[in-house]
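What's in model-v8.pdb: PDB, C-alpha atoms
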```pdb
ATOM      1  CA  GLN A   3     -10.363  22.274 -27.853  1.00  0.00           C
ATOM      2  CA  VAL A   4     -10.369  19.390 -25.393  1.00  0.00           C
ATOM      3  CA  PRO A   5      -9.705  16.187 -27.350  1.00  0.00           C
ATOM      4  CA  LEU A   6     -11.611  13.858 -25.014  1.00  0.00           C
ATOM      5  CA  VAL A   7     -14.714  14.920 -23.103  1.00  0.00           C
ATOM      6  CA  GLU A   8     -16.121  12.580 -20.485  1.00  0.00           C
ATOM      7  CA  SER A   9     -19.449  12.509 -18.730  1.00  0.00           C
ATOM      8  CA  GLY A  10     -21.748  10.168 -16.829  1.00  0.00           C
ATOM      9  CA  GLY A  11     -20.154   9.665 -13.439  1.00  0.00           C
ATOM     10  CA  GLY A  12     -22.026   9.979 -10.186  1.00  0.00           C
ATOM     11  CA  LEU A  13     -23.218   8.307  -7.022  1.00  0.00           C
ATOM     12  CA  VAL A  14     -24.995   4.961  -7.289  1.00  0.00           C
ATOM     13  CA  GLN A  15     -26.030   2.252  -4.863  1.00  0.00           C
ATOM     14  CA  PRO A  16     -24.428  -1.199  -4.955  1.00  0.00           C
ATOM     15  CA  GLY A  17     -26.021  -3.262  -7.694  1.00  0.00           C
ATOM     16  CA  GLY A  18     -26.878  -0.173  -9.714  1.00  0.00           C
ATOM     17  CA  SER A  19     -25.767   0.926 -13.166  1.00  0.00           C
ATOM     18  CA  LEU A  20     -24.038   3.876 -14.776  1.00  0.00           C
ATOM     19  CA  ARG A  21     -22.998   4.666 -18.322  1.00  0.00           C
ATOM     20  CA  LEU A  22     -19.884   6.733 -18.955  1.00  0.00           C
ATOM     21  CA  SER A  23     -19.434   8.597 -22.220  1.00  0.00           C
ATOM     22  CA  CYS A  24     -16.297   9.859 -23.923  1.00  0.00           C
ATOM     23  CA  VAL A  25     -16.645  12.109 -26.951  1.00  0.00           C
ATOM     24  CA  ALA A  26     -13.620  12.234 -29.234  1.00  0.00           C
ATOM     25  CA  SER A  27     -12.904  13.632 -32.656  1.00  0.00           C
ATOM     26  CA  ARG A  28     -13.349  11.299 -35.588  1.00  0.00           C
ATOM     27  CA  SER A  29      -9.654  11.616 -36.407  1.00  0.00           C
ATOM     28  CA  ILE A  30      -8.716  10.321 -32.969  1.00  0.00           C
ATOM     29  CA  LEU A  31     -11.176   7.437 -33.040  1.00  0.00           C
ATOM     30  CA  ARG A  32      -9.967   6.324 -36.443  1.00  0.00           C
ATOM     31  CA  ILE A  33      -6.348   5.737 -35.349  1.00  0.00           C
ATOM     32  CA  SER A  34      -6.663   4.893 -31.666  1.00  0.00           C
ATOM     33  CA  ALA A  35      -7.429   2.105 -29.295  1.00  0.00           C
ATOM     34  CA  MET A  36      -9.958   3.578 -26.889  1.00  0.00           C
ATOM     35  CA  GLY A  37      -9.935   2.607 -23.251  1.00  0.00           C
ATOM     36  CA  TRP A  38     -11.302   3.354 -19.841  1.00  0.00           C
ATOM     37  CA  TYR A  39      -8.972   3.435 -16.857  1.00  0.00           C
ATOM     38  CA  ARG A  40      -9.734   4.027 -13.211  1.00  0.00           C
ATOM     39  CA  GLN A  41      -7.829   5.183 -10.188  1.00  0.00           C
ATOM     40  CA  ALA A  42      -9.014   4.725  -6.625  1.00  0.00           C
ATOM     41  CA  PRO A  43      -7.491   6.706  -3.733  1.00  0.00           C
ATOM     42  CA  GLY A  44      -4.081   5.340  -2.817  1.00  0.00           C
ATOM     43  CA  LYS A  45      -4.020   2.933  -5.755  1.00  0.00           C
ATOM     44  CA  GLN A  46      -2.407   2.906  -9.162  1.00  0.00           C
ATOM     45  CA  ARG A  47      -4.377   3.656 -12.281  1.00  0.00           C
ATOM     46  CA  GLU A  48      -5.588   0.437 -13.901  1.00  0.00           C
ATOM     47  CA  LEU A  49      -7.025  -0.448 -17.277  1.00  0.00           C
ATOM     48  CA  VAL A  50     -10.696  -1.364 -17.012  1.00  0.00           C
ATOM     49  CA  ALA A  51     -11.663  -1.947 -20.641  1.00  0.00           C
ATOM     50  CA  VAL A  52     -10.297  -1.291 -24.113  1.00  0.00           C
ATOM     51  CA  ILE A  53     -11.720  -1.455 -27.614  1.00  0.00           C
ATOM     52  CA  SER A  54      -9.709  -1.411 -30.828  1.00  0.00           C
ATOM     53  CA  SER A  55     -10.396  -1.877 -34.496  1.00  0.00           C
ATOM     54  CA  GLY A  56     -13.981  -1.034 -33.718  1.00  0.00           C
ATOM     55  CA  SER A  57     -14.849  -4.328 -32.088  1.00  0.00           C
ATOM     56  CA  THR A  58     -11.982  -6.114 -30.313  1.00  0.00           C
ATOM     57  CA  THR A  59     -12.425  -5.717 -26.580  1.00  0.00           C
ATOM     58  CA  ASN A  60     -10.555  -6.629 -23.425  1.00  0.00           C
ATOM     59  CA  TYR A  61     -11.575  -6.244 -19.811  1.00  0.00           C
ATOM     60  CA  LEU A  62     -10.117  -6.243 -16.340  1.00  0.00           C
ATOM     61  CA  ASP A  63     -10.986  -9.622 -14.815  1.00  0.00           C
ATOM     62  CA  SER A  64     -12.991  -8.109 -11.977  1.00  0.00           C
ATOM     63  CA  VAL A  65     -15.383  -6.311 -14.359  1.00  0.00           C
ATOM     64  CA  LYS A  66     -15.923  -9.067 -16.910  1.00  0.00           C
ATOM     65  CA  GLY A  67     -19.602  -9.799 -17.322  1.00  0.00           C
ATOM     66  CA  ARG A  68     -20.554  -6.524 -15.629  1.00  0.00           C
ATOM     67  CA  PHE A  69     -19.001  -3.808 -17.796  1.00  0.00           C
ATOM     68  CA  THR A  70     -19.268  -3.328 -21.547  1.00  0.00           C
ATOM     69  CA  ILE A  71     -17.235  -0.977 -23.722  1.00  0.00           C
ATOM     70  CA  PHE A  72     -18.667   0.017 -27.084  1.00  0.00           C
ATOM     71  CA  THR A  73     -18.577   2.818 -29.611  1.00  0.00           C
ATOM     72  CA  ASP A  74     -21.146   4.807 -31.531  1.00  0.00           C
ATOM     73  CA  SER A  75     -19.294   6.056 -34.576  1.00  0.00           C
ATOM     74  CA  ALA A  76     -22.161   8.315 -35.607  1.00  0.00           C
ATOM     75  CA  LYS A  77     -21.752  10.215 -32.340  1.00  0.00           C
ATOM     76  CA  ASN A  78     -17.939   9.898 -32.127  1.00  0.00           C
ATOM     77  CA  THR A  79     -18.469   8.477 -28.661  1.00  0.00           C
ATOM     78  CA  VAL A  80     -17.049   5.605 -26.638  1.00  0.00           C
ATOM     79  CA  TYR A  81     -19.185   4.281 -23.815  1.00  0.00           C
ATOM     80  CA  LEU A  82     -18.590   2.218 -20.718  1.00  0.00           C
ATOM     81  CA  GLN A  83     -21.781   0.573 -19.533  1.00  0.00           C
ATOM     82  CA  MET A  84     -21.344  -0.469 -15.919  1.00  0.00           C
ATOM     83  CA  ASN A  85     -23.846  -2.847 -14.340  1.00  0.00           C
ATOM     84  CA  SER A  86     -23.967  -4.616 -10.980  1.00  0.00           C
ATOM     85  CA  LEU A  87     -21.693  -1.972  -9.522  1.00  0.00           C
ATOM     86  CA  ARG A  88     -19.786  -2.721  -6.344  1.00  0.00           C
ATOM     87  CA  PRO A  89     -18.239  -0.446  -3.734  1.00  0.00           C
ATOM     88  CA  GLU A  90     -14.800  -1.522  -4.980  1.00  0.00           C
ATOM     89  CA  ASP A  91     -15.631   0.023  -8.364  1.00  0.00           C
ATOM     90  CA  THR A  92     -15.452   3.448  -6.718  1.00  0.00           C
ATOM     91  CA  ALA A  93     -12.766   5.483  -8.471  1.00  0.00           C
ATOM     92  CA  VAL A  94     -12.088   8.303 -10.874  1.00  0.00           C
ATOM     93  CA  TYR A  95     -12.600   6.929 -14.374  1.00  0.00           C
ATOM     94  CA  TYR A  96     -10.516   8.248 -17.258  1.00  0.00           C
ATOM     95  CA  CYS A  97     -11.049   7.929 -20.964  1.00  0.00           C
ATOM     96  CA  ASN A  98      -7.883   7.159 -22.917  1.00  0.00           C
ATOM     97  CA  ALA A  99      -6.969   7.223 -26.581  1.00  0.00           C
ATOM     98  CA  ARG A 100      -3.777   5.408 -27.535  1.00  0.00           C
ATOM     99  CA  ASN A 101      -2.465   6.144 -31.008  1.00  0.00           C
ATOM    100  CA  LEU A 102      -1.970   2.770 -32.709  1.00  0.00           C
ATOM    101  CA  PHE A 103       1.015   4.085 -34.707  1.00  0.00           C
ATOM    102  CA  SER A 104       2.908   6.257 -32.225  1.00  0.00           C
ATOM    103  CA  ASN A 105       1.607   4.835 -28.906  1.00  0.00           C
ATOM    104  CA  GLN A 106       0.980   8.411 -27.820  1.00  0.00           C
ATOM    105  CA  ASN A 107      -1.697   8.671 -25.143  1.00  0.00           C
ATOM    106  CA  ILE A 108      -4.436  11.267 -24.767  1.00  0.00           C
ATOM    107  CA  TRP A 109      -6.386  11.429 -21.505  1.00  0.00           C
ATOM    108  CA  GLY A 110      -9.752  12.774 -20.549  1.00  0.00           C
ATOM    109  CA  GLN A 111     -10.263  14.911 -17.474  1.00  0.00           C
ATOM    110  CA  GLY A 112     -11.717  12.076 -15.390  1.00  0.00           C
ATOM    111  CA  THR A 113     -15.151  11.504 -13.920  1.00  0.00           C
ATOM    112  CA  GLN A 114     -15.909  10.337 -10.386  1.00  0.00           C
ATOM    113  CA  VAL A 115     -17.869   7.134  -9.850  1.00  0.00           C
ATOM    114  CA  THR A 116     -18.938   6.407  -6.288  1.00  0.00           C
ATOM    115  CA  VAL A 117     -20.731   3.195  -5.345  1.00  0.00           C
ATOM    116  CA  SER A 118     -22.177   3.453  -1.879  1.00  0.00           C
ATOM    117  CA  SER A 119     -25.362   2.841   0.046  1.00  0.00           C
TER     118      SER A 119
END
```
Could you quickly redo this structure as structure tokens?
Amino acid sequence: QVPLVESGGGLVQPGGSLRLSCVASRSILRISAMGWYRQAPGKQRELVAVISSGSTTNYLDSVKGRFTIFTDSAKNTVYLQMNSLRPEDTAVYYCNARNLFSNQNIWGQGTQVTVSS
């Protein structure tokens, strides 16, 4: 069983919106900080947004005010709502679960987001 299952990537025009979803087991969500990372071609993977303790969030400076990370505990899902997308947001986006006790990381398979006219 895949621990993290992502969906929601795609092609969007500049200024458009996408919502990424990451379904995790309840046991993972309960003990993890959940984050979204991205990796563009030729660049290092970077943290885009993270949520812990159900409500504490942090964002990459370049996405503040445009992206929102939130959870739906009833659906065991973490979302990344991305608005006002820019070409520089183009990357493969990965869901991440970091165990708050062991710091062990679990990664999703990645989903491609392409912002282009």
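Atom pair atom CA of Lys77 of chain A / atom CA of Trp109 of chain A: separated by 18.8 Å.
Residues lying at most 9 Å from (-14.6, 9.2, -14.6) in file coordinates, with only C-alpha atoms considered, are Glu8, Ser9, Gly10, Gly11, Gly12, Leu22, Trp38, Tyr39, Arg40, Ala93, Val94, Tyr95, Tyr96, Cys97, Gly110, Gln111, Gly112, Thr113, Gln114 and Val115 of chain A.
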- Which residue out of A:Ser34, A:Ser118, A:Gln106, A:Ser29 has the minimum interatomic distance to Asp91 of chain A when all atoms listed in the file are used? A:Ser118
- Message: Taking the file as I've supplied it (selection: the PyMOL selection byres ((chain A and resi 89) around 9)), which residues are included? Please answer as a PyMOL selection string.
- Response: chain A and resi 15-16+87-88+90-92+116-119
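With all atoms listed in the file as the atoms that count, the minimum distance from Val65 of chain A to the choices A:Thr79, A:Arg47, A:Met84, A:Asn98 is reached by A:Met84.
Closest approach to Tyr61 of chain A among A:Ala76, A:Leu20, A:Ala42, A:Leu82 is made by A:Leu82 (distances from all atoms listed in the file).
Residue selection for this entry, given the PyMOL selection byres ((chain A and resi 86) around 6), comprises A:Gly17, A:Gly18, A:Asn85, A:Leu87.
Of the residues listed (A:Leu49, A:Ile71, A:Val80, A:Ile30), A:Ile30 shows the shortest atom-to-atom separation from Phe103 of chain A; distances use only C-alpha atoms.
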